[in-house]
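*Asks:* This is structure28.cif (mmCIF, C-alpha atoms, pLDDT in the B column; chains and numbers go by the auth columns).
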data_input
loop_
_atom_site.group_PDB
_atom_site.id
_atom_site.type_symbol
_atom_site.label_atom_id
_atom_site.label_comp_id
_atom_site.label_asym_id
_atom_site.label_seq_id
_atom_site.Cartn_x
_atom_site.Cartn_y
_atom_site.Cartn_z
_atom_site.B_iso_or_equiv
_atom_site.auth_seq_id
_atom_site.auth_asym_id
ATOM 1 C CA MET A 1 -35.338 -13.734 17.658 92.00 194 G
ATOM 2 C CA TRP A 2 -34.373 -14.242 13.992 91.00 195 G
ATOM 3 C CA ARG A 3 -35.274 -10.655 13.234 94.00 196 G
ATOM 4 C CA GLU A 4 -32.853 -9.399 15.927 95.00 197 G
ATOM 5 C CA ILE A 5 -30.074 -11.636 14.600 95.00 198 G
ATOM 6 C CA GLY A 6 -30.732 -10.337 11.086 96.00 199 G
ATOM 7 C CA MET A 7 -30.619 -6.727 12.267 97.00 200 G
ATOM 8 C CA TRP A 8 -27.291 -7.249 14.082 97.00 201 G
ATOM 9 C CA PHE A 9 -25.902 -9.023 11.024 97.00 202 G
ATOM 10 C CA LEU A 10 -26.977 -6.112 8.817 97.00 203 G
ATOM 11 C CA ILE A 11 -25.423 -3.587 11.215 98.00 204 G
ATOM 12 C CA LEU A 12 -22.136 -5.506 11.204 98.00 205 G
ATOM 13 C CA ILE A 13 -22.117 -5.660 7.401 98.00 206 G
ATOM 14 C CA VAL A 14 -22.698 -1.900 7.193 98.00 207 G
ATOM 15 C CA ILE A 15 -19.835 -1.266 9.650 98.00 208 G
ATOM 16 C CA PHE A 16 -17.568 -3.609 7.659 98.00 209 G
ATOM 17 C CA VAL A 17 -18.362 -1.930 4.315 98.00 210 G
ATOM 18 C CA PHE A 18 -17.884 1.538 5.815 98.00 211 G
ATOM 19 C CA GLY A 19 -14.523 0.473 7.290 97.00 212 G
ATOM 20 C CA ARG A 20 -13.316 -0.856 3.937 97.00 213 G
ATOM 21 C CA MET A 21 -14.368 2.325 2.147 98.00 214 G
ATOM 22 C CA TRP A 22 -12.720 4.488 4.822 97.00 215 G
ATOM 23 C CA PHE A 23 -9.484 2.477 4.585 97.00 216 G
ATOM 24 C CA HIS A 24 -9.287 2.840 0.794 97.00 217 G
ATOM 25 C CA LEU A 25 -10.114 6.545 0.999 97.00 218 G
ATOM 26 C CA VAL A 26 -7.376 7.230 3.553 96.00 219 G
ATOM 27 C CA GLU A 27 -4.804 5.069 1.707 96.00 220 G
ATOM 28 C CA GLY A 28 -5.599 6.857 -1.561 95.00 221 G
ATOM 29 C CA LEU A 29 -5.179 10.266 0.048 95.00 222 G
ATOM 30 C CA LEU A 30 -1.881 9.242 1.647 94.00 223 G
ATOM 31 C CA ALA A 31 -0.560 7.905 -1.665 92.00 224 G
ATOM 32 C CA LYS A 32 -1.547 11.151 -3.397 92.00 225 G
ATOM 33 C CA LEU A 33 0.130 13.201 -0.654 91.00 226 G
ATOM 34 C CA LYS A 34 3.308 11.107 -0.885 89.00 227 G
ATOM 35 C CA SER A 35 3.448 11.541 -4.651 86.00 228 G
ATOM 36 C CA LEU A 36 3.069 15.315 -4.290 86.00 229 G
ATOM 37 C CA LEU A 37 5.790 15.582 -1.633 85.00 230 G
ATOM 38 C CA ASN A 38 8.293 13.255 -3.324 81.00 231 G
ATOM 39 C CA ARG A 39 7.913 14.557 -6.857 78.00 232 G
ATOM 40 C CA HIS A 40 11.529 15.727 -7.306 75.00 233 G
ATOM 41 C CA LYS A 41 13.304 12.860 -5.546 73.00 234 G
ATOM 42 C CA GLU A 42 15.145 10.093 -7.392 73.00 235 G
ATOM 43 C CA PRO A 43 13.672 6.579 -7.193 68.00 236 G
ATOM 44 C CA PRO A 44 15.284 4.284 -4.606 70.00 237 G
ATOM 45 C CA VAL A 45 18.153 2.008 -5.624 70.00 238 G
ATOM 46 C CA TRP A 46 17.239 -1.640 -6.106 76.00 239 G
ATOM 47 C CA HIS A 47 20.520 -2.866 -4.660 75.00 240 G
ATOM 48 C CA THR A 48 23.080 -1.696 -2.120 74.00 241 G
ATOM 49 C CA PHE A 49 26.234 -2.804 -3.939 72.00 242 G
ATOM 50 C CA GLU A 50 28.347 -0.325 -5.826 73.00 243 G
ATOM 51 C CA GLU A 51 29.530 -1.397 -9.252 69.00 244 G
ATOM 52 C CA THR A 52 33.225 -1.071 -9.963 70.00 245 G
ATOM 53 C CA GLY A 53 34.792 -0.628 -13.398 66.00 246 G
ATOM 54 C CA GLY A 54 35.975 -4.207 -14.087 60.00 247 G
ATOM 55 C CA GLU A 55 33.455 -6.243 -12.106 56.00 248 G
ATOM 56 C CA LYS A 56 30.120 -5.252 -13.628 56.00 249 G
ATOM 57 C CA SER A 57 28.912 -8.631 -14.901 57.00 250 G
ATOM 58 C CA LYS A 58 31.387 -11.233 -13.733 56.00 251 G
ATOM 59 C CA THR A 59 30.053 -14.775 -13.417 59.00 252 G
ATOM 60 C CA HIS A 60 31.629 -17.572 -11.424 58.00 253 G
ATOM 61 C CA ASP A 61 32.129 -20.972 -13.137 50.00 254 G
#
How would this structure read if it were set down as structure tokens?

*Replies:*
Amino acid sequence: MWREIGMWFLILIVIFVFGRMWFHLVEGLLAKLKSLLNRHKEPPVWHTFEETGGEKSKTHD
């Protein structure tokens, strides 16, 4: 009985480790592919507001 439980536990650990490795492999390949496809694009803007000439750094008191 304990041997069967140990075998199932070992099988589940192997499946878990393989899944983690597969996930990191696929995510790494997707990141590499994205960097190759988006090489000439400008980085995204951090804000959506447009700055005007006189209101660049106005603080409210």

*Asks:* Please indicate the distance in Å from CA of Arg196 in chain G to CA of Val210 in chain G, rounded to one decimal place.

*Replies:*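 These two atoms are separated by 21.0 Å.
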
*Asks:* Please report the interatomic distance between CA of Asn231 in chain G and CA of His217 in chain G in Å with one decimal.

*Replies:*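 Distance between the two atoms: 20.8 Å.
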
*Asks:* To one decimal place in Å, what is the distance between CA of Arg232 in chain G and CA of Phe216 in chain G?

*Replies:*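 Distance between the two atoms: 24.1 Å.
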